[in-house]
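**Student:** Below is the structure I would like to discuss, written out as structure tokens.
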Amino acid sequence: MRKYVIAVLILCAFAAHAEEGQGRYYGATFPATFMLYIMSPDVIVGWNGTLRETEKKYIPEKYQKLPVVGGWYSGSTADKEVLLRSNIKKALLLRADESRDSAAEVTLREINIPSVVLKSVTMQDYINVFRSLGKELNMQERGEELAQYAENSLKTAAEMMKGYPENQRFKVYFAQGGNGLETVCSGSYREEAIALAGGSFVHKCPSGTDISTISFEQLVIYDPDVILVQNPNLMNTINKDPRWKRLRAVKAGRIFSVPYEPFAWLDRPPSFMRIVGLPWLICKIHPDRCSVNMEAETAKFIKTFFGLNMSAPQIKEMLCE
């Protein structure tokens, strides 16, 4: 009897979520889901996985409670049965490679869930995505608001970097992973914000590789001008390791912890957060060229994209200051 009652409760829970999700959209990956979320939280059917605490801080509790429906990320794939039970109107897929269908597209096609597939590689692509989603969701005004913000951000960044000599590009190492020896490869689409800020990644990888692991000896040979660190925890690890003090960037104080709330501002994954990450980077690397008050700009970005009013101390914390 107890097993029967539990089974009924589970079925009722799924039914309730299905009813709530009627006519809503499904993001196949976290970047796609958050892209839908900033258009309107009410359009998403659920989350791809458990939200991080850093993400929850920027999401009202009612939306935190949306069901986990799975997705394609970090080696995970979505369960077809869960997707079918969720009564999804359409799925959103953001693609970098247009030459072939992704595993998500193939699966969604097999279970007859229609997809909206949009290119999402560059920051200009994000502008196009905002406008496309505005039309798709019948929220043209919202899509235009986000698109214009992004356009203005890119324009401001270009004005700050106007006249910067090509032969003075600084060498950048992006420290990631548990010990800082994972890094993003030169030539990767992930390098866009770095390039727009007058830099280039020091590590070259085989074609088709975005992230690689190197030895510390190789890092010493590169001796970058600037080191970007994925998050404060990794920064603490680096600060405790005396080997890093041998590097030119550390000696010059040009090692920076990249803001990571609600999620990474520059990479892993690269997302629309780069819209605010780019001016932040320029202001860190080229304070003489900075024309933006990053505290005010960050508050404006969070208000525009997430609908939240942040206090001055909260903004300082976001900026890793």
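Every chain in the structure tokens has a letter given in the order shown (A, B, ...), and although residue numbers restart at 1 in each chain, ligands are simply numbered from 1 in the order shown.
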Write out as a PyMOL selection string the residues lying within 12 Å of Lys316 in chain A, counting only C-alpha atoms and excluding same-chain residues fewer than 2 positions away.
**Tutor:** chain A and resi 259+261+294-299+310-314+318-321
**Student:** Kindly export the residues of the current selection with N, CA and C atoms, as a PDB file, in the first residue's frame.
**Tutor:**
ATOM      1  N   PRO A 259      35.249  38.068 -12.394  1.00  0.00           N
ATOM      2  CA  PRO A 259      33.933  37.921 -11.757  1.00  0.00           C
ATOM      3  C   PRO A 259      33.219  36.670 -12.279  1.00  0.00           C
ATOM      4  N   GLU A 261      29.783  35.691 -10.917  1.00  0.00           N
ATOM      5  CA  GLU A 261      28.376  35.624 -10.522  1.00  0.00           C
ATOM      6  C   GLU A 261      27.521  36.458 -11.478  1.00  0.00           C
ATOM      7  N   MET A 294      32.680  50.868 -13.509  1.00  0.00           N
ATOM      8  CA  MET A 294      32.253  49.473 -13.548  1.00  0.00           C
ATOM      9  C   MET A 294      31.238  49.125 -12.464  1.00  0.00           C
ATOM     10  N   GLU A 295      31.260  49.814 -11.347  1.00  0.00           N
ATOM     11  CA  GLU A 295      30.258  49.539 -10.316  1.00  0.00           C
ATOM     12  C   GLU A 295      28.873  49.952 -10.819  1.00  0.00           C
ATOM     13  N   ALA A 296      28.785  51.129 -11.409  1.00  0.00           N
ATOM     14  CA  ALA A 296      27.504  51.604 -11.942  1.00  0.00           C
ATOM     15  C   ALA A 296      27.069  50.751 -13.123  1.00  0.00           C
ATOM     16  N   GLU A 297      28.019  50.365 -13.985  1.00  0.00           N
ATOM     17  CA  GLU A 297      27.685  49.568 -15.163  1.00  0.00           C
ATOM     18  C   GLU A 297      27.220  48.168 -14.777  1.00  0.00           C
ATOM     19  N   THR A 298      27.860  47.599 -13.765  1.00  0.00           N
ATOM     20  CA  THR A 298      27.450  46.267 -13.303  1.00  0.00           C
ATOM     21  C   THR A 298      26.046  46.301 -12.730  1.00  0.00           C
ATOM     22  N   ALA A 299      25.753  47.326 -11.938  1.00  0.00           N
ATOM     23  CA  ALA A 299      24.409  47.468 -11.370  1.00  0.00           C
ATOM     24  C   ALA A 299      23.371  47.608 -12.486  1.00  0.00           C
ATOM     25  N   MET A 310      20.830  45.848  -7.062  1.00  0.00           N
ATOM     26  CA  MET A 310      21.924  45.403  -6.203  1.00  0.00           C
ATOM     27  C   MET A 310      22.462  46.574  -5.392  1.00  0.00           C
ATOM     28  N   SER A 311      22.821  46.308  -4.150  1.00  0.00           N
ATOM     29  CA  SER A 311      23.419  47.327  -3.304  1.00  0.00           C
ATOM     30  C   SER A 311      24.886  47.520  -3.671  1.00  0.00           C
ATOM     31  N   ALA A 312      25.459  48.631  -3.233  1.00  0.00           N
ATOM     32  CA  ALA A 312      26.871  48.901  -3.529  1.00  0.00           C
ATOM     33  C   ALA A 312      27.790  47.802  -2.983  1.00  0.00           C
ATOM     34  N   PRO A 313      27.591  47.326  -1.741  1.00  0.00           N
ATOM     35  CA  PRO A 313      28.435  46.215  -1.258  1.00  0.00           C
ATOM     36  C   PRO A 313      28.277  44.946  -2.087  1.00  0.00           C
ATOM     37  N   GLN A 314      27.063  44.660  -2.528  1.00  0.00           N
ATOM     38  CA  GLN A 314      26.840  43.471  -3.362  1.00  0.00           C
ATOM     39  C   GLN A 314      27.575  43.590  -4.696  1.00  0.00           C
ATOM     40  N   MET A 318      30.496  41.216  -6.276  1.00  0.00           N
ATOM     41  CA  MET A 318      30.413  40.650  -7.628  1.00  0.00           C
ATOM     42  C   MET A 318      31.692  40.902  -8.404  1.00  0.00           C
ATOM     43  N   LEU A 319      32.263  42.087  -8.231  1.00  0.00           N
ATOM     44  CA  LEU A 319      33.447  42.481  -8.980  1.00  0.00           C
ATOM     45  C   LEU A 319      34.732  41.921  -8.378  1.00  0.00           C
ATOM     46  N   CYS A 320      34.584  41.059  -7.366  1.00  0.00           N
ATOM     47  CA  CYS A 320      35.746  40.431  -6.705  1.00  0.00           C
ATOM     48  C   CYS A 320      36.678  41.491  -6.120  1.00  0.00           C
ATOM     49  N   GLU A 321      36.072  42.525  -5.534  1.00  0.00           N
ATOM     50  CA  GLU A 321      36.888  43.598  -4.946  1.00  0.00           C
ATOM     51  C   GLU A 321      36.808  43.558  -3.423  1.00  0.00           C
TER      52      GLU A 321
END
**Student:** If we count only C-alpha atoms, what is near Lys80 in chain A at a cut-off of 8 Å, once residues fewer than 3 positions away on the same chain are taken out, given as JSON, numbers by chain?
**Tutor:** {"A": [83, 84, 107, 111]}
**Student:** List the spatial neighbours of range 213-219 of chain A as a PDB file with N, CA and C atoms, in the first residue's frame - criterion: any atom at most 6 Å away, only C-alpha atoms, same-chain residues fewer than 3 positions off excluded.
**Tutor:**
ATOM      1  N   LEU A 181      46.366  25.215 -14.132  1.00  0.00           N
ATOM      2  CA  LEU A 181      47.147  24.802 -15.295  1.00  0.00           C
ATOM      3  C   LEU A 181      46.287  24.319 -16.461  1.00  0.00           C
ATOM      4  N   GLU A 182      44.973  24.463 -16.328  1.00  0.00           N
ATOM      5  CA  GLU A 182      44.095  24.355 -17.496  1.00  0.00           C
ATOM      6  C   GLU A 182      43.947  25.753 -18.062  1.00  0.00           C
ATOM      7  N   TYR A 222      56.166  30.824 -21.190  1.00  0.00           N
ATOM      8  CA  TYR A 222      55.246  31.824 -21.753  1.00  0.00           C
ATOM      9  C   TYR A 222      55.393  33.166 -21.037  1.00  0.00           C
TER      10      TYR A 222
END
**Student:** Do you have, as JSON lines, the list of residues of range 51-135 of chain A lying at most 8 Å from range 143-149 of chain A, each with its nearest atom pair and that distance in Å to one decimal, counting only C-alpha atoms and ordered by chain then number?
**Tutor:**
{"residue": "A:Tyr126", "atom": "CA", "partner": "A:Ala147", "partner_atom": "CA", "distance": 7.6}
{"residue": "A:Ile127", "atom": "CA", "partner": "A:Ala147", "partner_atom": "CA", "distance": 4.7}
{"residue": "A:Asn128", "atom": "CA", "partner": "A:Ala147", "partner_atom": "CA", "distance": 7.4}
{"residue": "A:Phe130", "atom": "CA", "partner": "A:Gly143", "partner_atom": "CA", "distance": 4.7}
{"residue": "A:Arg131", "atom": "CA", "partner": "A:Gly143", "partner_atom": "CA", "distance": 4.8}
{"residue": "A:Ser132", "atom": "CA", "partner": "A:Gly143", "partner_atom": "CA", "distance": 7.5}
{"residue": "A:Leu133", "atom": "CA", "partner": "A:Gly143", "partner_atom": "CA", "distance": 6.6}
{"residue": "A:Gly134", "atom": "CA", "partner": "A:Gly143", "partner_atom": "CA", "distance": 4.3}
{"residue": "A:Lys135", "atom": "CA", "partner": "A:Gly143", "partner_atom": "CA", "distance": 7.8}
**Student:** Do a neighbour search on Glu192 in chain A at 10 Å with only C-alpha atoms, toss out local chain neighbours closer than 5 positions, and write the hits as a PyMOL selection string.
**Tutor:** chain A and resi 121-123+186-187+197+199-200+266+270+274+278
**Student:** As a PyMOL selection string, please: every residue in range 56-173 of chain A that DSSP puts in strand (DSSP E or B).
**Tutor:** chain A and resi 68+73+76+88-95+115-119+170-173
**Student:** Could you write out that same residue set with C-alpha atoms as a short mmCIF file (atom, residue, chain, number, x, y, z; two decimals), in the first residue's frame?
**Tutor:**
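Saved as part.cif:
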data_model
loop_
_atom_site.label_atom_id
_atom_site.label_comp_id
_atom_site.auth_asym_id
_atom_site.auth_seq_id
_atom_site.Cartn_x
_atom_site.Cartn_y
_atom_site.Cartn_z
CA VAL A 68 15.17 19.81 -13.17
CA TYR A 73 26.32 19.75 -20.47
CA SER A 76 25.39 14.74 -19.45
CA ILE A 88 7.61 21.39 -23.96
CA LYS A 89 6.37 23.79 -26.60
CA LYS A 90 9.78 24.29 -28.24
CA ALA A 91 13.44 23.81 -27.41
CA LEU A 92 16.16 26.43 -27.78
CA LEU A 93 19.57 25.31 -29.00
CA LEU A 94 22.52 27.68 -29.21
CA ARG A 95 25.10 26.40 -31.66
CA SER A 115 13.60 23.38 -31.94
CA VAL A 116 14.68 26.96 -32.41
CA VAL A 117 18.35 26.76 -33.43
CA LEU A 118 20.39 29.97 -33.23
CA LYS A 119 24.06 30.66 -33.79
CA PHE A 170 49.51 41.75 -24.43
CA LYS A 171 50.02 38.05 -23.75
CA VAL A 172 47.23 36.56 -21.63
CA TYR A 173 47.11 33.33 -19.67
#
**Student:** Grab the CA of Ala195 in chain A to CA of Tyr260 in chain A distance for me, in Å with one decimal place.
**Tutor:**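 CA of Ala195 in chain A sits 19.8 Å away from CA of Tyr260 in chain A.
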**Student:** Taking into account only C-alpha atoms, which residue in the set A:Pro262, A:Gly198, A:Gly163, A:Gly46 is nearest to Leu308 in chain A?
**Tutor:**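 The answer is A:Pro262, which sits nearest to Leu308 in chain A.
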**Student:** Write out as a CSV table (one decimal) with N, CA and C atoms, in the first residue's frame which residues come within 8 Å of range 227-244 of chain A when counting only C-alpha atoms, dropping same-chain ones fewer than 6 positions away.
**Tutor:**
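The resulting part_35.csv:
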chain,number,residue,atom,x,y,z
A,172,VAL,N,48.2,36.9,-22.7
A,172,VAL,CA,47.2,36.6,-21.6
A,172,VAL,C,47.2,35.1,-21.4
A,173,TYR,N,47.3,34.7,-20.1
A,173,TYR,CA,47.1,33.3,-19.7
A,173,TYR,C,45.9,33.3,-18.8
A,174,PHE,N,44.9,32.4,-19.2
A,174,PHE,CA,43.7,32.3,-18.4
A,174,PHE,C,43.8,31.0,-17.6
A,175,ALA,N,44.0,31.2,-16.3
A,175,ALA,CA,44.2,30.1,-15.3
A,175,ALA,C,42.8,29.5,-15.0
A,176,GLN,N,42.7,28.2,-15.2
A,176,GLN,CA,41.5,27.5,-14.9
A,176,GLN,C,41.8,26.1,-14.3
A,177,GLY,N,40.8,25.4,-13.9
A,177,GLY,CA,41.0,24.1,-13.3
A,177,GLY,C,41.3,24.2,-11.9
A,178,GLY,N,41.6,23.0,-11.2
A,178,GLY,CA,41.9,23.0,-9.8
A,178,GLY,C,43.2,23.6,-9.4
A,179,ASN,N,44.2,23.6,-10.3
A,179,ASN,CA,45.6,24.1,-10.0
A,179,ASN,C,46.0,25.3,-10.9
A,180,GLY,N,45.1,25.7,-11.8
A,180,GLY,CA,45.4,26.9,-12.6
A,180,GLY,C,46.1,26.5,-13.9
A,250,VAL,N,52.5,38.4,-12.2
A,250,VAL,CA,52.3,38.4,-10.7
A,250,VAL,C,53.1,39.5,-10.1
A,254,ARG,N,49.5,42.2,-12.2
A,254,ARG,CA,48.5,42.1,-13.3
A,254,ARG,C,47.9,40.7,-13.4
A,255,ILE,N,47.5,40.2,-12.2
A,255,ILE,CA,46.8,39.0,-12.1
A,255,ILE,C,45.4,39.3,-11.5
A,256,PHE,N,44.4,38.9,-12.2
A,256,PHE,CA,43.0,39.4,-11.9
A,256,PHE,C,42.1,38.2,-11.7
A,257,SER,N,41.2,38.2,-10.7
A,257,SER,CA,40.2,37.2,-10.5
A,257,SER,C,39.0,37.7,-11.3
A,258,VAL,N,38.5,36.9,-12.3
A,258,VAL,CA,37.4,37.2,-13.1
A,258,VAL,C,36.1,37.1,-12.4
A,259,PRO,N,35.2,38.1,-12.4
A,259,PRO,CA,33.9,37.9,-11.8
A,259,PRO,C,33.2,36.7,-12.3
A,260,TYR,N,32.5,36.0,-11.4
A,260,TYR,CA,31.9,34.7,-11.8
A,260,TYR,C,30.4,34.6,-11.3
A,264,ALA,N,30.2,32.7,-14.9
A,264,ALA,CA,31.5,33.3,-15.4
A,264,ALA,C,31.3,34.4,-16.4
A,320,CYS,N,34.6,41.1,-7.4
A,320,CYS,CA,35.7,40.4,-6.7
A,320,CYS,C,36.7,41.5,-6.1
**Student:** Distance CA of Ala158 in chain A-CA of Leu196 in chain A, one decimal place?
**Tutor:**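 These two atoms are separated by 7.6 Å.
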**Student:** Considering only helix (DSSP H, G or I) as DSSP defines it on the backbone, what residues of range 88-286 of chain A qualify? List them as JSON, numbers by chain.
**Tutor:** {"A": [103, 104, 105, 106, 107, 108, 109, 110, 123, 124, 125, 126, 127, 128, 129, 130, 131, 132, 133, 134, 135, 136, 140, 141, 142, 143, 144, 145, 146, 147, 148, 149, 150, 151, 152, 153, 154, 155, 156, 157, 158, 159, 160, 166, 167, 168, 189, 190, 191, 192, 193, 194, 195, 196, 216, 217, 218, 219, 220, 221, 222, 232, 233, 234, 235, 236, 237, 238, 239, 242, 243, 244, 245, 246, 248, 249, 250, 251, 274, 275, 276, 277, 278, 279, 280, 281, 282, 283, 284, 285]}
